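**Student:** File start_6.cif follows (mmCIF, C-alpha atoms):
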data_protein
#
loop_
_atom_site.label_atom_id
_atom_site.label_comp_id
_atom_site.auth_asym_id
_atom_site.auth_seq_id
_atom_site.Cartn_x
_atom_site.Cartn_y
_atom_site.Cartn_z
CA GLN Z 1 0.00 0.00 0.00
CA LYS Z 2 1.28 3.42 -0.93
CA GLU Z 3 1.81 5.85 1.92
CA VAL Z 4 -0.43 8.47 0.34
CA GLU Z 5 -3.00 7.67 -2.33
CA GLN Z 6 -5.03 9.98 -4.50
CA ASN Z 7 -7.18 9.40 -7.56
CA SER Z 8 -5.17 10.77 -10.45
CA GLY Z 9 -8.30 11.93 -12.24
CA PRO Z 10 -8.84 13.82 -14.36
CA LEU Z 11 -11.72 15.29 -12.41
CA SER Z 12 -13.93 17.65 -14.37
CA VAL Z 13 -16.55 19.91 -12.79
CA PRO Z 14 -18.61 22.76 -14.23
CA GLU Z 15 -17.91 26.30 -13.14
CA GLY Z 16 -19.70 27.09 -9.89
CA ALA Z 17 -19.91 23.47 -8.74
CA ILE Z 18 -18.19 21.87 -5.76
CA ALA Z 19 -15.01 19.95 -6.52
CA SER Z 20 -14.17 17.16 -4.08
CA LEU Z 21 -10.63 15.83 -3.89
CA ASN Z 22 -9.77 12.83 -1.76
CA CYS Z 23 -6.66 11.41 -0.15
CA THR Z 24 -5.99 8.36 2.00
CA TYR Z 25 -2.84 7.70 4.01
CA SER Z 26 -1.35 4.63 5.60
CA ASP Z 27 0.40 5.91 8.74
CA ARG Z 28 -2.09 6.06 11.63
CA GLY Z 29 0.35 8.20 13.57
CA SER Z 30 0.25 11.07 11.09
CA GLN Z 31 -0.79 14.30 12.78
CA SER Z 32 -0.75 16.94 10.08
CA PHE Z 33 -1.93 17.06 6.51
CA PHE Z 34 -1.32 19.48 3.71
CA TRP Z 35 -2.86 20.29 0.36
CA TYR Z 36 -0.78 21.81 -2.42
CA ARG Z 37 -1.96 23.19 -5.75
CA GLN Z 38 0.31 22.86 -8.77
CA TYR Z 39 -0.42 24.61 -12.03
CA SER Z 40 1.03 23.07 -15.17
CA GLY Z 41 4.72 23.86 -15.45
CA LYS Z 42 4.80 25.52 -12.01
CA SER Z 43 5.91 24.44 -8.55
CA PRO Z 44 3.53 23.24 -5.80
CA GLU Z 45 1.89 25.99 -3.75
CA LEU Z 46 0.62 25.33 -0.21
CA ILE Z 47 -3.09 26.13 0.03
CA MET Z 48 -4.40 24.34 3.13
CA PHE Z 49 -3.26 22.41 6.17
CA ILE Z 50 -5.23 20.63 8.85
CA TYR Z 51 -4.23 19.02 12.13
CA SER Z 52 -7.50 18.20 13.87
CA ASN Z 53 -10.41 15.94 13.00
CA GLY Z 54 -13.29 17.74 11.37
CA ASP Z 55 -13.47 20.60 8.93
CA LYS Z 56 -11.28 23.61 8.38
CA GLU Z 57 -12.52 26.37 6.11
CA ASP Z 58 -10.50 29.03 4.30
CA GLY Z 59 -12.47 31.03 1.79
CA ARG Z 60 -13.78 28.70 -0.89
CA PHE Z 61 -11.61 25.84 0.36
CA THR Z 62 -12.55 23.34 3.07
CA ALA Z 63 -10.24 20.61 4.31
CA GLN Z 64 -11.86 17.63 6.00
CA LEU Z 65 -9.96 15.17 8.17
CA ASN Z 66 -11.05 11.81 9.53
CA LYS Z 67 -8.15 10.20 11.35
CA ALA Z 68 -10.11 7.05 12.20
CA SER Z 69 -10.66 6.40 8.50
CA GLN Z 70 -7.23 7.79 7.54
CA TYR Z 71 -8.89 10.06 5.07
CA VAL Z 72 -8.42 13.71 4.22
CA SER Z 73 -10.29 15.64 1.58
CA LEU Z 74 -10.35 19.08 -0.01
CA LEU Z 75 -13.58 20.71 -1.12
CA ILE Z 76 -13.55 23.67 -3.46
CA ARG Z 77 -16.83 25.57 -3.51
CA ASP Z 78 -17.94 27.76 -6.41
CA SER Z 79 -15.21 26.27 -8.60
CA GLN Z 80 -13.58 28.65 -11.03
CA PRO Z 81 -11.60 27.95 -14.20
CA SER Z 82 -8.57 29.34 -12.37
CA ASP Z 83 -8.85 26.40 -9.95
CA SER Z 84 -7.87 24.04 -12.78
CA ALA Z 85 -4.63 22.47 -11.59
CA THR Z 86 -3.21 19.35 -9.99
CA TYR Z 87 -3.85 19.06 -6.26
CA LEU Z 88 -1.29 17.23 -4.16
CA CYS Z 89 -1.92 15.72 -0.75
CA ALA Z 90 1.10 15.64 1.57
CA VAL Z 91 1.58 13.78 4.84
CA PRO Z 92 4.69 13.96 7.03
CA LEU Z 93 6.63 10.72 7.19
CA THR Z 94 9.10 11.37 9.94
CA GLY Z 95 10.04 14.70 11.38
CA ASN Z 96 10.07 17.25 8.61
CA GLN Z 97 9.90 14.84 5.65
CA PHE Z 98 6.78 14.45 3.54
CA TYR Z 99 5.12 11.83 1.44
CA PHE Z 100 3.26 13.30 -1.50
CA GLY Z 101 0.46 11.68 -3.43
CA THR Z 102 0.59 11.54 -7.20
CA GLY Z 103 -1.94 14.36 -7.33
CA THR Z 104 -5.45 14.75 -8.74
CA SER Z 105 -5.86 16.74 -11.92
CA LEU Z 106 -8.86 19.07 -11.74
CA THR Z 107 -10.44 20.83 -14.70
CA VAL Z 108 -13.16 23.41 -14.15
CA ILE Z 109 -15.24 23.83 -17.27
CA PRO Z 110 -16.57 27.34 -17.97
CA GLU W 111 11.15 38.44 -4.27
CA THR W 112 9.90 34.92 -3.79
CA GLY W 113 10.70 32.99 -0.63
CA VAL W 114 12.58 30.17 -2.37
CA THR W 115 14.49 30.98 -5.54
CA GLN W 116 15.98 28.45 -7.93
CA THR W 117 18.31 28.94 -10.86
CA PRO W 118 18.40 28.15 -13.67
CA ARG W 119 14.73 27.70 -14.53
CA HIS W 120 15.55 25.53 -17.53
CA LEU W 121 18.64 23.45 -18.28
CA VAL W 122 19.58 21.24 -21.20
CA MET W 123 22.73 19.21 -20.75
CA GLY W 124 24.54 16.40 -22.43
CA MET W 125 25.32 13.17 -20.65
CA THR W 126 28.99 14.10 -20.29
CA ASN W 127 28.39 17.60 -18.96
CA LYS W 128 28.72 18.87 -15.40
CA LYS W 129 26.25 21.45 -14.18
CA SER W 130 24.88 22.75 -10.87
CA LEU W 131 21.45 23.78 -9.71
CA LYS W 132 21.22 26.55 -7.15
CA CYS W 133 18.60 27.27 -4.51
CA GLU W 134 18.31 30.14 -2.04
CA GLN W 135 15.64 30.67 0.60
CA HIS W 136 14.75 33.97 2.27
CA LEU W 137 12.27 32.59 4.81
CA GLY W 138 14.60 32.05 7.74
CA HIS W 139 14.07 28.30 7.56
CA ASN W 140 16.62 25.81 8.80
CA ALA W 141 15.76 22.81 6.62
CA MET W 142 16.19 22.52 2.86
CA TYR W 143 15.29 19.77 0.43
CA TRP W 144 15.73 18.57 -3.12
CA TYR W 145 12.77 16.84 -4.78
CA LYS W 146 12.47 15.26 -8.20
CA GLN W 147 9.19 15.35 -10.08
CA SER W 148 8.75 13.10 -13.08
CA ALA W 149 5.61 12.74 -15.16
CA LYS W 150 2.91 10.54 -13.57
CA LYS W 151 5.00 9.94 -10.44
CA PRO W 152 4.75 11.36 -6.92
CA LEU W 153 7.24 13.93 -5.82
CA GLU W 154 10.38 12.03 -4.84
CA LEU W 155 12.41 13.31 -1.92
CA MET W 156 16.10 13.18 -2.81
CA PHE W 157 18.02 14.94 -0.06
CA VAL W 158 17.28 16.60 3.26
CA TYR W 159 19.48 19.09 5.06
CA ASN W 160 18.63 20.12 8.62
CA PHE W 161 20.74 22.97 10.01
CA LYS W 162 22.97 22.50 6.90
CA GLU W 163 23.71 18.88 7.82
CA GLN W 164 22.55 16.15 5.46
CA THR W 165 20.12 13.87 7.22
CA GLU W 166 18.64 11.90 4.34
CA ASN W 167 19.84 10.51 1.05
CA ASN W 168 17.01 8.46 -0.36
CA SER W 169 19.04 6.04 -2.49
CA VAL W 170 19.95 8.75 -4.95
CA PRO W 171 22.65 7.83 -7.51
CA SER W 172 26.03 9.37 -6.93
CA ARG W 173 25.78 11.33 -10.17
CA PHE W 174 23.68 13.72 -8.04
CA SER W 175 25.77 15.46 -5.41
CA PRO W 176 24.20 17.97 -2.99
CA GLU W 177 25.97 20.76 -1.17
CA CYS W 178 24.63 22.97 1.61
CA PRO W 179 27.12 25.66 2.62
CA ASN W 180 24.65 27.36 5.00
CA SER W 181 21.00 27.22 5.99
CA SER W 182 19.98 29.57 3.18
CA HIS W 183 21.72 27.99 0.21
CA LEU W 184 21.53 24.59 -1.41
CA PHE W 185 23.17 23.24 -4.53
CA LEU W 186 22.71 20.10 -6.57
CA HIS W 187 25.77 19.18 -8.63
CA LEU W 188 25.07 17.06 -11.67
CA HIS W 189 27.50 14.94 -13.69
CA THR W 190 27.22 12.12 -16.23
CA LEU W 191 23.45 12.14 -16.07
CA GLN W 192 21.18 9.82 -18.03
CA PRO W 193 18.19 10.74 -20.19
CA GLU W 194 15.87 9.24 -17.54
CA ASP W 195 17.10 11.92 -15.14
CA SER W 196 15.16 14.48 -17.16
CA ALA W 197 12.57 15.91 -14.78
CA LEU W 198 11.53 18.95 -12.78
CA TYR W 199 13.88 19.43 -9.82
CA LEU W 200 12.33 21.30 -6.95
CA CYS W 201 14.04 22.89 -3.99
CA ALA W 202 12.02 23.42 -0.83
CA SER W 203 12.50 24.74 2.69
CA SER W 204 10.81 24.56 6.06
CA GLN W 205 11.52 24.75 9.74
CA VAL W 206 12.98 21.65 11.36
CA ALA W 207 9.85 20.59 13.21
CA GLU W 208 7.43 17.80 12.61
CA GLY W 209 4.66 18.83 10.30
CA SER W 210 6.19 22.18 9.40
CA MET W 211 4.89 23.81 6.27
CA THR W 212 7.14 23.31 3.29
CA PHE W 213 7.53 25.94 0.61
CA PHE W 214 8.83 25.23 -2.86
CA GLY W 215 10.95 27.11 -5.33
CA GLN W 216 9.90 27.51 -8.96
CA GLY W 217 11.88 24.46 -10.02
CA THR W 218 14.47 23.71 -12.67
CA ARG W 219 13.23 21.87 -15.75
CA LEU W 220 16.15 19.61 -16.64
CA THR W 221 16.50 17.86 -19.97
CA VAL W 222 19.36 15.41 -20.49
CA VAL W 223 20.19 14.74 -24.13
#
Could you express the structure from this file as structure tokens?
**Tutor:**
Amino acid sequence: QKEVEQNSGPLSVPEGAIASLNCTYSDRGSQSFFWYRQYSGKSPELIMFIYSNGDKEDGRFTAQLNKASQYVSLLIRDSQPSDSATYLCAVPLTGNQFYFGTGTSLTVIP
Amino acid sequence: ETGVTQTPRHLVMGMTNKKSLKCEQHLGHNAMYWYKQSAKKPLELMFVYNFKEQTENNSVPSRFSPECPNSSHLFLHLHTLQPEDSALYLCASSQVAEGSMTFFGQGTRLTVV
């Protein structure tokens, strides 16, 4: 089992819809979780992090964490074409090292 | 000025060449990293430097040689690379603390011919 798994997509949603991105992880001891956005040809950009079970909201983005199910998700409300990118889930392995998922490619259709 | 700066942005090199990638961070972080990103693969952690000391070398071939002269600068020296080494090489930095946020540079797109 991979340490961090994401559906590679592509995921397509119409403009204004909710995009739901999912990530599962294997290490039950993981305490913090990060979502990065990567536009084509660009470097990953940190957009959300979550440490506690439940939801964390930041503007149109909501991160959801369920440690019992080892599941973390990212919801994007009112999706915009500018949200089209690859979204990477990252989970610390040990100390300050991260495992990254392969990323989910999102396309928002105008 | 971005927090993590990499140069060059693009590099084409022959298999017999020697080149170096440079990274500089202006965030006051004390950990720096090299990652490799190939198509359809997860980001691969190559090297970790905490307080300018190398703490991880994830089975990276010796044709990649890192150097960290201080907490703000990181180099990746390249020699006798193979075409399969063509990828996006990303530098990143963070604090040395579990779960610290990691910030990436713009990356160097390397093509080995």
**Student:** What is the CA of Asn96 (chain Z)-CA of Tyr159 (chain W) distance in Å, reported with one decimal?
**Tutor:**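 CA of Tyr159 (chain W) lies 10.2 Å from CA of Asn96 (chain Z).
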**Student:** Residues at most 8 Å from Leu46 (chain Z), counting all atoms listed in the file, excluding those fewer than 5 positions away in the same chain, as an MDAnalysis selection string?
**Tutor:** (chainID Z and resid 34:37) or (chainID W and resid 211:213)
**Student:** Tell me, in Å to one decimal, how far CA of His139 (chain W) is from CA of Leu188 (chain W).
**Tutor:**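 Pair CA of His139 (chain W) / CA of Leu188 (chain W) returns 24.8 Å.
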**Student:** Given the file above and the PyMOL selection byres ((chain W) within 6 of (chain Z)), which residues are selected, and can you give them as number ranges by chain?
**Tutor:** W: 151-153, 206-209, 216
**Student:** My list of candidates is Z:Ser69, Z:Ser52, Z:Gln80, Z:Gln38. Which is closest to Ser26 (chain Z) when distances are computed with all atoms listed in the file?
**Tutor:**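 Smallest distance to Ser26 (chain Z) is found for Z:Ser69.
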